[in-house]
Structure formats: structure tokens, C-alpha cells
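Enquirer: Below: one structure in C-alpha cells.
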Amino acid sequence: MLMLLTTIIGVYSAICWLYENFRTPVLLLLRGAQQLLLGGRQSLSEKYGPWAGSSDGIGKGYAHFLASQGMKVLLIARNEAKLKRVAEEIAAKHGTETNILVVDFSKGEEIYDHLEKELRLLDIGILVNNVGVINEKPIQVEQMEKRLLWDLININVGAATLLCNIAVPAMKERRRGLIINISSLSSLAPTPYLAVYAATKAYVTSFSLALREELAPHGIECQTVSPGYVHTSMTEYLAPTTDGQKNSLSIRLVETNDMIRYAGYSIAKVDKTTGHWSHGIQTAILNALPASLKLRVFTKLYTKLLHEYSDKAKKRT
């Protein structure tokens, strides 16, 4: 009887793991084949609306991809000079209309009335919710500056939530639209020394999955993207140094263009993805572990990183 019960539990666990980790790649293959064989695929602007809103980093990669698909692009961030440079780059490369909106999300509640008025003027079909910050290296909570703590909350949690709050009413009226919420592989388990960032991304994942169910009856899609480390300005500290030195995570760093090729292909096909096949493998391995063991893995990895950066700081002094 005990053997039978153990077998049933094992088979059930294996089925759950297979479903959770192979659902996305199987759907990608099936829906890609369906579009290839049956044709009749709508353009993204026809399916969702003419404008896409995005930001820097991964968002810049999405902006280039969506512009290449014929969508108009609205870039939102706080650095006006950088926004203008990227807008000119996208317009020149893809020949699409590109606007900018200068917003500092770290200021919290005060920015959203103006932001809502500006967004109402455009038919936003796709919202790429990727604005975010991260502590530049593993650090203990009590050593973090309060400004950074507030930025992590106001930007990673506040912006993701309020932008959806602003964009959804118009999408419901048109009964079309897509929200792409950028979470993180770190949302899979509590992450010591990256504790606040990981917690904000756990929030984004939970919020995004729930929002997907809320919006589905209204013809609106919500995709959750949970990548591992992608080479952007936020993760520059993980990149190999000029002398070739690497840290524990450098080998896992994926270039933005490589991620966008995969993540862009998944748009309109799946509601959940890691954004890159290598991050999918990492996620599948982590999903095979119980929560307590995942926590131990993350603790060991980031404790090692903490010591690496502590040693570097000591050498500099």
C-alpha cells in the first residue's frame, strides 16, 4: 500500500512538473506551426492596436522588435537625452513613428495624473511593463540606502501596478490589448542579499498571473516574462571585466538581442515565458526542487557573490 501511494505521488509530481515546464515550449511550437501552415496571421498592430509603450534595457529591445513589426512606439523613462537618442535610432532603423515621454517613476504617486493624461491620447495596444531597478550587487538589507529601498518599491511594484491601472480601461473599451509584465527568475524563491528586489519580482509574477485571469474575459492578453540575468545597464556589474574576469553569474548572462529574438517570437502565442530557452532550462531545474531546497540554492549562490564583491571592495581599499 505504501509503495502504491509513493508511486501515485511520484507520477502526479512528474506530471505537474512536465505540465508546468513544457506547456510554454509546446504551445510555442504548436501555435507557430499553426500560423505557418494555416496562415492568416494578423499583424501585432491589427491584433492589439497601433501603439506600443516601453522603457529602457529589456524594454528597448522590445521597442526595436515591436517597431520592426510595424508598431508605433512610445518610449517612457526619466533620461530625456537617452530617450531622444533611442527614439531617433528606432525611427531611422525601422521607419516607424516614435514618441517619448519623460517620467521619473522614483517620484511615486505624484507622476501618475500627468502620465494618465498623456497615455489617454494614444491607442496603446501593447504595454511592455519593464521599468525597474536592482541593487548593483548583493547586499544586506540594513546596509541599503533608504532611497534605493523606496526606488525598489515605487518603481518595481508601484509602476508595474499603476501603469496597468491606467492602460486597462481603454483596452477594455476596445476589447483588445496586450500587457507584457517583466518579472524575473529570482521570483521563484526568496533570494538572500537580493531580498527586496526578489520580493518585488515575486509581487510582479503574482500580480501578472492574477491580472491575466481578470482580463481574459475582456479580450485582453497578459503575458508574464520571467527571465534570468540579461545584459542591460542594470546588470552591467555582472558582465566580465575588461581583463576577462568573471563572477558566479557571468556565464548565465544573456544578451538583450538574444533574449528578444525568443521573447518576441512568444508574443501572441503564450501567456507565460522565461524569455530565453536557457532561462527556461534553469527554471525547470529549480522547479524540480522543493521550496526549502530552492532557498538553500539561492542562499549559497548569493552568499558566494556577496563574498566575491566584499573581497573586491577590500582589495580596492
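Just so we're on the same page: first chain in the C-alpha cells is A, next is B, and so on; residues restart at 1 for each chain, and ligands are numbered from 1 in the order they show up.
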Mind running stretch 38-115 of chain A against stretch 143-162 of chain A at 8 Å and telling me each contacting residue's nearest atom pair with the distance in Å (one decimal), counting only C-alpha atoms, chain and number ascending, as CSV?
Expert:
residue,atom,partner,partner_atom,distance
A:Phe105,CA,A:Ile155,CA,5.6
A:Ser106,CA,A:Asp151,CA,5.3
A:Lys107,CA,A:Asn154,CA,7.5
A:Gly108,CA,A:Asn154,CA,5.5
A:Tyr112,CA,A:Leu162,CA,7.6
Enquirer: According to DSSP computed on the backbone, where in stretch 47-120 of chain A is there strand (DSSP E)? Give the residues as a PyMOL selection string.
Expert: chain A and resi 51-54+72-77+98-102
Enquirer: Could the residues in this selection be saved with N, CA and C atoms as a CSV table (one decimal), in the first residue's frame?
Expert:
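Below is the file that was written, selection-v2.csv:
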chain,number,residue,atom,x,y,z
A,51,TRP,N,-0.1,51.4,-31.1
A,51,TRP,CA,1.0,51.9,-30.3
A,51,TRP,C,1.5,50.9,-29.3
A,52,ALA,N,2.8,50.9,-29.1
A,52,ALA,CA,3.4,50.1,-28.0
A,52,ALA,C,4.1,51.0,-27.1
A,53,GLY,N,3.9,50.8,-25.8
A,53,GLY,CA,4.7,51.6,-24.8
A,53,GLY,C,5.7,50.8,-24.1
A,54,SER,N,6.9,51.3,-24.0
A,54,SER,CA,8.1,50.6,-23.4
A,54,SER,C,9.1,51.5,-22.8
A,72,LYS,N,3.9,51.6,-33.9
A,72,LYS,CA,4.4,52.8,-33.4
A,72,LYS,C,4.9,52.7,-32.0
A,73,VAL,N,5.9,53.4,-31.6
A,73,VAL,CA,6.5,53.1,-30.3
A,73,VAL,C,6.5,54.4,-29.4
A,74,LEU,N,6.1,54.3,-28.2
A,74,LEU,CA,6.2,55.3,-27.1
A,74,LEU,C,7.2,54.9,-26.1
A,75,LEU,N,8.3,55.6,-26.0
A,75,LEU,CA,9.4,55.3,-25.0
A,75,LEU,C,9.2,56.1,-23.7
A,76,ILE,N,9.2,55.5,-22.6
A,76,ILE,CA,8.9,56.1,-21.3
A,76,ILE,C,10.1,55.9,-20.4
A,77,ALA,N,10.7,56.9,-19.9
A,77,ALA,CA,11.8,56.8,-19.0
A,77,ALA,C,12.2,58.2,-18.5
A,98,THR,N,7.9,57.3,-33.6
A,98,THR,CA,8.4,57.0,-32.3
A,98,THR,C,8.3,58.3,-31.4
A,99,ASN,N,7.6,58.2,-30.3
A,99,ASN,CA,7.5,59.3,-29.4
A,99,ASN,C,8.2,59.0,-28.1
A,100,ILE,N,8.4,60.1,-27.3
A,100,ILE,CA,9.0,59.9,-26.0
A,100,ILE,C,8.1,60.6,-24.9
A,101,LEU,N,8.2,60.1,-23.7
A,101,LEU,CA,7.5,60.6,-22.6
A,101,LEU,C,8.5,60.6,-21.4
A,102,VAL,N,8.9,61.7,-20.9
A,102,VAL,CA,9.9,61.8,-19.8
A,102,VAL,C,9.1,61.7,-18.5
Enquirer: Residues near stretch 181-190 of chain A, anyone? I mean within 8 Å using only C-alpha atoms, not counting same-chain ones fewer than 4 positions away, as number ranges by chain.
Expert: A: 128-130, 160, 195, 198-205, 208, 222-228, 274, 279, 283, 286, 291, 294-295, 298
Enquirer: Using DSSP on the backbone coordinates, identify the residues of stretch 49-157 of chain A assigned to alpha helix (DSSP H); present them as a PyMOL selection string.
Expert: chain A and resi 58-68+80-94+112-120+146-151
Enquirer: Give the answer as one residue: which of A:Ser55, A:Ile180, A:Asn79, A:Gly70 has the shortest atom-to-atom distance to A:Val131, using only C-alpha atoms?
Expert: A:Ser55
Enquirer: Please list as a list in words every residue within 7 Å of stretch 256-260 of chain A, counting only C-alpha atoms and excluding residues in the same chain fewer than 2 positions away.
Expert: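 Here the qualifying residues turn out to be Ile58, Gly61, Tyr62, Val230, His231, Thr232, Val254, Tyr262, Ala263, Gly264, Gly275 and His276 of chain A.
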Enquirer: What's around stretch 88-91 of chain A at 10 Å? Count only C-alpha atoms, leave out sequence neighbours fewer than 4 positions away in its own chain, and write the answer as a PyMOL selection string.
Expert: chain A and resi 60+63-65+67-68+72-73+82-84+95-99
Enquirer: Skipping near chain neighbours, those fewer than 3 positions away, what residues fall within 10 Å of stretch 7-18 of chain A using only C-alpha atoms, listed as a list in words?
Expert: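 The residues that qualify are Met1, Leu2, Met3, Leu4, Asn21, Phe22, Arg23, Ala284, Ile285, Asn287 and Ala288 of chain A.
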Enquirer: Measuring atom to atom with only C-alpha atoms, identify which of A:Leu215, A:Leu30, A:Ile139, A:Leu122 is nearest to A:Leu306.
Expert: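 Once distances to A:Leu306 are computed over only C-alpha atoms, the minimum belongs to A:Ile139.
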Enquirer: Near A:Arg31, within 10 Å and counting only C-alpha atoms, which residues show up once chain neighbours fewer than 6 positions away are dropped, as a PyMOL selection string?
Expert: chain A and resi 25+37+266+268-270
Enquirer: Store the residues of this selection in a file with N, CA, C and O atoms, as a tab-separated table (two decimals), in the first residue's frame.
Expert:
chain	number	residue	atom	x	y	z
A	25	PRO	N	6.92	25.79	-24.16
A	25	PRO	CA	7.57	25.42	-25.43
A	25	PRO	C	6.67	24.63	-26.37
A	25	PRO	O	6.74	24.81	-27.59
A	37	LEU	N	1.33	27.01	-41.24
A	37	LEU	CA	0.59	26.14	-42.14
A	37	LEU	C	-0.74	26.73	-42.58
A	37	LEU	O	-1.14	26.58	-43.73
A	266	SER	N	7.47	34.74	-28.85
A	266	SER	CA	6.43	34.20	-27.97
A	266	SER	C	5.21	35.11	-27.86
A	266	SER	O	4.16	34.70	-27.37
A	268	ALA	N	1.84	36.83	-28.47
A	268	ALA	CA	0.58	36.37	-29.09
A	268	ALA	C	0.49	34.85	-29.19
A	268	ALA	O	-0.44	34.32	-29.81
A	269	LYS	N	1.44	34.16	-28.58
A	269	LYS	CA	1.41	32.69	-28.62
A	269	LYS	C	1.25	32.08	-27.24
A	269	LYS	O	0.53	31.09	-27.07
A	270	VAL	N	1.95	32.63	-26.23
A	270	VAL	CA	1.88	32.06	-24.89
A	270	VAL	C	1.68	33.16	-23.85
A	270	VAL	O	2.00	34.32	-24.11
Enquirer: How many Å separate atom CA of A:Val133 from atom CA of A:Lys117?
Expert: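 Atom CA of A:Val133 sits 24.9 Å away from atom CA of A:Lys117.
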Enquirer: So which one's closest to A:Asn165, A:Met71, A:Leu211, A:Ala33, A:Ala216? Using only C-alpha atoms, please.
Expert: A:Leu211
